[in-house]
$ cat coords03.csv   # CSV, C-alpha atoms
chain,number,residue,atom,x,y,z
A,1,MET,CA,-42.8,-167.5,98.5
A,2,LEU,CA,-39.4,-166.0,98.3
A,3,ILE,CA,-36.7,-167.3,95.8
A,4,ARG,CA,-33.1,-166.3,95.4
A,5,PHE,CA,-31.6,-166.2,91.9
A,6,ASN,CA,-28.0,-166.0,90.8
A,7,LYS,CA,-28.4,-163.6,87.9
A,8,PRO,CA,-25.9,-163.9,85.1
A,9,TYR,CA,-24.3,-161.0,83.2
A,10,GLY,CA,-26.6,-159.8,80.4
A,11,VAL,CA,-29.9,-160.6,82.1
A,12,LEU,CA,-32.4,-157.9,83.0
A,13,SER,CA,-34.2,-157.7,86.3
A,14,GLN,CA,-37.5,-158.2,84.4
A,15,PHE,CA,-39.1,-161.1,82.7
A,16,THR,CA,-39.2,-159.7,79.2
A,17,PRO,CA,-36.1,-159.3,77.1
A,18,GLU,CA,-35.2,-155.8,75.8
A,19,GLY,CA,-32.7,-155.1,73.0
A,20,ARG,CA,-29.6,-157.1,73.4
A,21,TRP,CA,-30.4,-158.1,77.0
A,22,ARG,CA,-32.2,-161.3,78.0
A,23,GLY,CA,-35.0,-161.5,80.5
A,24,LEU,CA,-35.7,-163.6,83.6
A,25,LYS,CA,-38.1,-165.8,81.7
A,26,ASP,CA,-35.1,-167.6,80.2
A,27,HIS,CA,-34.2,-168.8,83.7
A,28,ILE,CA,-37.3,-168.7,85.9
A,29,ASP,CA,-40.7,-170.3,85.0
A,30,LEU,CA,-42.8,-169.5,88.0
A,31,PRO,CA,-46.1,-167.6,87.7
A,32,GLY,CA,-46.9,-164.8,90.1
A,33,VAL,CA,-43.4,-163.9,91.4
A,34,TYR,CA,-41.9,-160.4,91.0
A,35,VAL,CA,-38.5,-158.9,91.4
A,36,ALA,CA,-37.8,-157.4,94.8
A,37,GLY,CA,-35.2,-154.7,93.9
A,38,ARG,CA,-33.1,-154.3,90.8
A,39,LEU,CA,-29.7,-155.4,89.5
A,40,ASP,CA,-28.4,-153.9,86.3
A,41,ALA,CA,-28.0,-156.2,83.2
A,42,ASP,CA,-24.2,-155.8,83.4
A,43,SER,CA,-24.1,-156.8,87.0
A,44,GLU,CA,-24.3,-160.4,88.4
A,45,GLY,CA,-25.4,-162.2,91.5
A,46,LEU,CA,-28.2,-162.3,94.0
A,47,LEU,CA,-31.7,-161.2,92.9
A,48,LEU,CA,-34.7,-161.9,95.1
A,49,LEU,CA,-38.2,-162.6,93.7
A,50,THR,CA,-41.4,-163.0,95.7
A,51,ASP,CA,-45.1,-163.3,95.4
A,52,ASP,CA,-45.6,-161.3,98.6
A,53,GLY,CA,-46.1,-157.6,97.9
A,54,GLN,CA,-45.3,-156.5,101.5
A,55,LEU,CA,-42.1,-158.5,101.5
A,56,GLN,CA,-41.2,-157.1,98.1
A,57,ALA,CA,-41.6,-153.5,99.5
A,58,ARG,CA,-39.5,-154.3,102.6
A,59,ILE,CA,-36.7,-155.6,100.4
A,60,ALA,CA,-36.8,-153.0,97.6
A,61,ASP,CA,-37.8,-149.8,99.3
A,62,PRO,CA,-34.8,-147.6,100.2
A,63,ARG,CA,-36.8,-146.4,103.3
A,64,PHE,CA,-36.1,-149.8,105.0
A,65,LYS,CA,-32.3,-149.4,104.2
A,66,MET,CA,-31.7,-153.1,103.8
A,67,GLU,CA,-28.0,-153.6,103.4
A,68,LYS,CA,-26.7,-154.9,100.1
A,69,THR,CA,-23.3,-156.4,99.8
A,70,TYR,CA,-21.2,-156.6,96.6
A,71,LEU,CA,-18.0,-158.1,95.4
A,72,VAL,CA,-16.4,-155.6,93.1
A,73,GLN,CA,-13.5,-156.1,90.7
A,74,VAL,CA,-11.9,-152.7,90.0
A,75,GLU,CA,-9.2,-151.4,87.8
A,76,GLY,CA,-6.3,-150.3,89.9
A,77,VAL,CA,-5.1,-151.1,93.4
A,78,VAL,CA,-7.5,-150.7,96.4
A,79,ASP,CA,-5.7,-148.6,99.0
A,80,ASP,CA,-6.5,-147.3,102.4
A,81,LYS,CA,-7.4,-143.8,101.0
A,82,ALA,CA,-10.1,-145.3,98.7
A,83,LEU,CA,-11.4,-147.5,101.5
A,84,THR,CA,-11.6,-144.6,103.9
A,85,ALA,CA,-13.4,-142.4,101.4
A,86,LEU,CA,-16.0,-145.2,100.7
A,87,ALA,CA,-16.5,-145.8,104.4
A,88,ARG,CA,-17.2,-142.1,105.0
A,89,GLY,CA,-19.4,-141.8,101.9
A,90,VAL,CA,-18.5,-140.1,98.7
A,91,THR,CA,-20.1,-137.2,96.8
A,92,LEU,CA,-21.8,-138.2,93.6
A,93,ASN,CA,-23.5,-135.9,91.0
A,94,ASP,CA,-26.8,-136.5,92.8
A,95,GLY,CA,-25.4,-135.8,96.3
A,96,PRO,CA,-23.4,-137.5,99.0
A,97,THR,CA,-23.8,-141.3,99.7
A,98,LEU,CA,-24.3,-142.7,103.1
A,99,PRO,CA,-21.2,-144.3,104.7
A,100,ALA,CA,-20.5,-147.8,103.3
A,101,ARG,CA,-18.6,-150.8,104.7
A,102,ALA,CA,-15.6,-151.3,102.5
A,103,GLN,CA,-12.7,-153.7,102.6
A,104,ALA,CA,-10.1,-155.1,100.2
A,105,VAL,CA,-10.5,-158.8,99.6
A,106,VAL,CA,-8.5,-161.5,97.8
A,107,PRO,CA,-9.9,-162.6,94.4
A,108,PRO,CA,-12.5,-165.2,95.0
A,109,ALA,CA,-11.1,-168.6,94.1
A,110,ASP,CA,-14.5,-170.3,93.3
A,111,LEU,CA,-16.0,-167.6,91.2
A,112,TRP,CA,-17.7,-168.6,87.9
A,113,PRO,CA,-16.2,-167.1,84.7
A,114,ARG,CA,-18.1,-164.1,83.3
A,115,ASN,CA,-19.4,-164.3,79.8
A,116,PRO,CA,-18.1,-162.2,78.1
A,117,PRO,CA,-14.9,-161.9,80.2
A,118,ILE,CA,-14.0,-158.5,81.6
A,119,ARG,CA,-11.4,-156.4,79.7
A,120,GLU,CA,-7.9,-157.0,80.8
A,121,ARG,CA,-5.2,-154.3,80.4
A,122,GLN,CA,-1.7,-155.6,80.4
A,123,ASN,CA,-0.2,-152.7,82.4
A,124,ILE,CA,-3.0,-151.9,84.7
A,125,PRO,CA,-3.6,-154.2,87.7
A,126,THR,CA,-7.1,-155.1,89.0
A,127,SER,CA,-8.1,-155.8,92.6
A,128,TRP,CA,-11.2,-156.8,94.5
A,129,LEU,CA,-13.2,-155.1,97.3
A,130,GLU,CA,-16.3,-156.0,99.3
A,131,LEU,CA,-18.7,-153.0,99.5
A,132,SER,CA,-21.9,-152.9,101.6
A,133,ILE,CA,-24.4,-150.1,101.1
A,134,ARG,CA,-27.8,-149.2,102.5
A,135,GLU,CA,-29.0,-147.1,99.5
A,136,GLY,CA,-30.1,-148.1,96.1
A,137,ARG,CA,-29.3,-145.3,93.7
A,138,ASN,CA,-28.9,-146.0,90.0
A,139,ARG,CA,-25.5,-147.6,89.4
A,140,GLN,CA,-24.4,-146.4,92.8
A,141,VAL,CA,-21.6,-148.9,93.5
A,142,ARG,CA,-20.1,-148.3,90.0
A,143,ARG,CA,-20.3,-144.5,90.6
A,144,MET,CA,-18.8,-144.8,94.1
A,145,THR,CA,-15.8,-146.8,93.0
A,146,ALA,CA,-15.2,-144.4,90.0
A,147,ALA,CA,-15.4,-141.5,92.5
A,148,VAL,CA,-12.4,-142.9,94.4
A,149,GLY,CA,-10.4,-143.6,91.2
A,150,LEU,CA,-11.2,-147.3,90.9
A,151,PRO,CA,-13.5,-148.0,87.9
A,152,THR,CA,-15.6,-151.1,88.3
A,153,LEU,CA,-14.9,-154.0,85.9
A,154,ARG,CA,-17.2,-156.6,87.5
A,155,LEU,CA,-19.9,-156.3,90.0
A,156,ILE,CA,-21.5,-159.2,91.9
A,157,ARG,CA,-24.2,-158.8,94.6
A,158,THR,CA,-23.6,-161.4,97.2
A,159,ALA,CA,-26.2,-160.5,99.9
A,160,ILE,CA,-29.4,-158.5,100.5
A,161,GLY,CA,-30.0,-158.2,104.2
A,162,PRO,CA,-30.1,-161.7,105.7
A,163,TYR,CA,-30.3,-163.3,102.2
A,164,HIS,CA,-27.1,-164.6,100.7
A,165,LEU,CA,-25.9,-166.0,97.4
A,166,ARG,CA,-23.6,-168.6,98.9
A,167,ASP,CA,-23.1,-171.6,96.6
A,168,LEU,CA,-26.0,-171.0,94.3
A,169,PRO,CA,-24.8,-171.8,90.7
A,170,ILE,CA,-25.0,-169.0,88.1
A,171,GLY,CA,-28.3,-168.9,86.3
A,172,SER,CA,-30.0,-171.1,89.0
A,173,TRP,CA,-32.8,-170.2,91.5
A,174,GLN,CA,-33.8,-171.8,94.8
A,175,PRO,CA,-36.6,-171.2,97.3
A,176,VAL,CA,-35.6,-169.5,100.5
A,177,ASP,CA,-36.6,-171.4,103.6

$ encode --input "coords03.csv" --output "structure tokens"
Amino acid sequence: MLIRFNKPYGVLSQFTPEGRWRGLKDHIDLPGVYVAGRLDADSEGLLLLTDDGQLQARIADPRFKMEKTYLVQVEGVVDDKALTALARGVTLNDGPTLPARAQAVVPPADLWPRNPPIRERQNIPTSWLELSIREGRNRQVRRMTAAVGLPTLRLIRTAIGPYHLRDLPIGSWQPVD
């Protein structure tokens, strides 16, 4: 069994809550499924869960380099210089990243509101980009956008390899055919 879950902000990629963060048990009541990969509590979007250990390893293990795609709202204006740097790979404190696919995108019209909302600064614009990576370092997308001068305000994973979030409502899960 493989399920896709649209993880809300503030939910951990584990079943038990911890501190101020809720756990998956508030949303998913299926015995025997385990998270395939992680998504930080302050990130939203696609999380896959399975009862198949081999499938879990193929999805989560960086050796398989399964591409992950994110919608990222950043502080500032996405320009060609930032996109080129992301596409070539940026150097982080733990070494250079692999090249990424990066493009500026229009703000998604059908996006659910985040609770709590992101901070808005009156004199600093925000913009959106789509970023696809094949690594899974800790908080990698946030560190990559910061490295090119665009701090991340909101991060939503939309795809893991062939699996997509599509129109799955926030906080809902659905079996994958």

$ closest_residue --input "coords03.csv" --among "A:Pro162, A:Gly37, A:Pro113, A:Pro169" --to "Leu12 in chain A" --atoms "all atoms listed in the file"
A:Gly37

$ closest_residue --input "coords03.csv" --among "A:Ser132, A:Thr91, A:Gln73, A:Gln140" --to "Ala159 in chain A" --atoms "all atoms listed in the file"
A:Ser132

$ residues_around --input "coords03.csv" --residues "Gly136 in chain A" --least-positions-apart "4" --cutoff "9 Å" --atoms "all atoms listed in the file" --output "ChimeraX atom specification"
/A:37-38,60-62,65,68,140-141

$ write_last_selection --input "coords03.csv" --atoms "C-alpha atoms" --output "tab-separated table (two decimals), in the coordinates of the input"
chain	number	residue	atom	x	y	z
A	37	GLY	CA	-35.20	-154.70	93.90
A	38	ARG	CA	-33.10	-154.30	90.80
A	60	ALA	CA	-36.80	-153.00	97.60
A	61	ASP	CA	-37.80	-149.80	99.30
A	62	PRO	CA	-34.80	-147.60	100.20
A	65	LYS	CA	-32.30	-149.40	104.20
A	68	LYS	CA	-26.70	-154.90	100.10
A	140	GLN	CA	-24.40	-146.40	92.80
A	141	VAL	CA	-21.60	-148.90	93.50

$ closest_residue --input "coords03.csv" --among "A:Ile133, A:Val33, A:Leu48, A:Ala82" --to "Arg4 in chain A" --atoms "all atoms listed in the file"
A:Leu48

$ closest_residue --input "coords03.csv" --among "A:His164, A:Arg22, A:Arg139, A:Leu86" --to "Leu98 in chain A" --atoms "only C-alpha atoms"
A:Leu86

$ residues_around --input "coords03.csv" --residues "Asn115 in chain A" --least-positions-apart "4" --cutoff "12 Å" --atoms "all atoms listed in the file" --output "PyMOL selection string"
chain A and resi 8-11+42-44+119+154+170-171

$ residues_around --input "coords03.csv" --residues "Arg101 in chain A" --least-positions-apart "4" --cutoff "12 Å" --atoms "only C-alpha atoms" --output "ChimeraX atom specification"
/A:67-71,82-89,97,129-134,141

$ closest_residue --input "coords03.csv" --among "A:Leu49, A:Ile59, A:Val77, A:Ala41" --to "Ile28 in chain A" --atoms "all atoms listed in the file"
A:Leu49

$ residues_around --input "coords03.csv" --residues "Ala36 in chain A" --least-positions-apart "4" --cutoff "12 Å" --atoms "only C-alpha atoms" --output "compact mmCIF listing (two decimals) with C-alpha atoms, keeping the file's coordinate frame"
# COMPACT_ATOMS: atom_id res chain seq x y z
CA MET A 1 -42.80 -167.50 98.50
CA LEU A 2 -39.40 -166.00 98.30
CA ILE A 3 -36.70 -167.30 95.80
CA ARG A 4 -33.10 -166.30 95.40
CA PHE A 5 -31.60 -166.20 91.90
CA SER A 13 -34.20 -157.70 86.30
CA GLN A 14 -37.50 -158.20 84.40
CA LEU A 46 -28.20 -162.30 94.00
CA LEU A 47 -31.70 -161.20 92.90
CA LEU A 48 -34.70 -161.90 95.10
CA LEU A 49 -38.20 -162.60 93.70
CA THR A 50 -41.40 -163.00 95.70
CA ASP A 51 -45.10 -163.30 95.40
CA ASP A 52 -45.60 -161.30 98.60
CA GLY A 53 -46.10 -157.60 97.90
CA GLN A 54 -45.30 -156.50 101.50
CA LEU A 55 -42.10 -158.50 101.50
CA GLN A 56 -41.20 -157.10 98.10
CA ALA A 57 -41.60 -153.50 99.50
CA ARG A 58 -39.50 -154.30 102.60
CA ILE A 59 -36.70 -155.60 100.40
CA ALA A 60 -36.80 -153.00 97.60
CA ASP A 61 -37.80 -149.80 99.30
CA PRO A 62 -34.80 -147.60 100.20
CA MET A 66 -31.70 -153.10 103.80
CA ILE A 160 -29.40 -158.50 100.50

$ axis_aligned_box --input "coords03.csv" --around "range 115-129 of chain A" --padding-each-side "6 Å" --output "AutoDock Vina command-line options"
--center_x -9.8 --center_y -158.1 --center_z 87.7 --size_x 31.2 --size_y 24.4 --size_z 31.2

$ closest_residue --input "coords03.csv" --among "A:Val106, A:Val148, A:Val74, A:Leu92" --to "Ile118 in chain A" --atoms "all atoms listed in the file"
A:Val74

$ atom_distance --input "coords03.csv" --atom1 "CA of Gly32 in chain A" --atom2 "CA of Gly45 in chain A"
21.7 Å

$ build_atoms --input "coords03.csv" --residues "range 81-96 of chain A" --atoms "N, CA and C atoms" --output "mmCIF file, keeping the file's coordinate frame"
data_model
loop_
_atom_site.group_PDB
_atom_site.id
_atom_site.type_symbol
_atom_site.label_atom_id
_atom_site.label_comp_id
_atom_site.auth_asym_id
_atom_site.auth_seq_id
_atom_site.Cartn_x
_atom_site.Cartn_y
_atom_site.Cartn_z
ATOM 1 N N LYS A 81 -6.715 -145.104 101.334
ATOM 2 C CA LYS A 81 -7.400 -143.800 101.000
ATOM 3 C C LYS A 81 -8.733 -144.059 100.377
ATOM 4 N N ALA A 82 -8.801 -144.964 99.421
ATOM 5 C CA ALA A 82 -10.100 -145.300 98.700
ATOM 6 C C ALA A 82 -11.053 -145.910 99.724
ATOM 7 N N LEU A 83 -10.568 -146.849 100.535
ATOM 8 C CA LEU A 83 -11.400 -147.500 101.500
ATOM 9 C C LEU A 83 -12.007 -146.533 102.517
ATOM 10 N N THR A 84 -11.175 -145.604 102.984
ATOM 11 C CA THR A 84 -11.600 -144.600 103.900
ATOM 12 C C THR A 84 -12.686 -143.692 103.314
ATOM 13 N N ALA A 85 -12.458 -143.283 102.064
ATOM 14 C CA ALA A 85 -13.400 -142.400 101.400
ATOM 15 C C ALA A 85 -14.770 -143.152 101.225
ATOM 16 N N LEU A 86 -14.739 -144.413 100.809
ATOM 17 C CA LEU A 86 -16.000 -145.200 100.700
ATOM 18 C C LEU A 86 -16.673 -145.349 102.006
ATOM 19 N N ALA A 87 -15.900 -145.604 103.045
ATOM 20 C CA ALA A 87 -16.500 -145.800 104.400
ATOM 21 C C ALA A 87 -17.120 -144.532 104.923
ATOM 22 N N ARG A 88 -16.608 -143.383 104.541
ATOM 23 C CA ARG A 88 -17.200 -142.100 105.000
ATOM 24 C C ARG A 88 -18.379 -141.687 104.149
ATOM 25 N N GLY A 89 -18.420 -142.196 102.912
ATOM 26 C CA GLY A 89 -19.400 -141.800 101.900
ATOM 27 C C GLY A 89 -18.744 -140.820 100.954
ATOM 28 N N VAL A 90 -19.089 -140.946 99.701
ATOM 29 C CA VAL A 90 -18.500 -140.100 98.700
ATOM 30 C C VAL A 90 -19.582 -139.214 98.067
ATOM 31 N N THR A 91 -19.165 -138.113 97.466
ATOM 32 C CA THR A 91 -20.100 -137.200 96.800
ATOM 33 C C THR A 91 -20.232 -137.570 95.357
ATOM 34 N N LEU A 92 -21.451 -137.861 94.953
ATOM 35 C CA LEU A 92 -21.800 -138.200 93.600
ATOM 36 C C LEU A 92 -22.496 -136.978 92.949
ATOM 37 N N ASN A 93 -22.771 -137.030 91.667
ATOM 38 C CA ASN A 93 -23.500 -135.900 91.000
ATOM 39 C C ASN A 93 -24.867 -135.671 91.580
ATOM 40 N N ASP A 94 -25.461 -136.682 92.231
ATOM 41 C CA ASP A 94 -26.800 -136.500 92.800
ATOM 42 C C ASP A 94 -26.710 -136.399 94.360
ATOM 43 N N GLY A 95 -25.522 -136.041 94.866
ATOM 44 C CA GLY A 95 -25.400 -135.800 96.300
ATOM 45 C C GLY A 95 -24.501 -136.838 96.978
ATOM 46 N N PRO A 96 -24.245 -136.623 98.277
ATOM 47 C CA PRO A 96 -23.400 -137.500 99.000
ATOM 48 C C PRO A 96 -24.072 -138.888 99.291
#
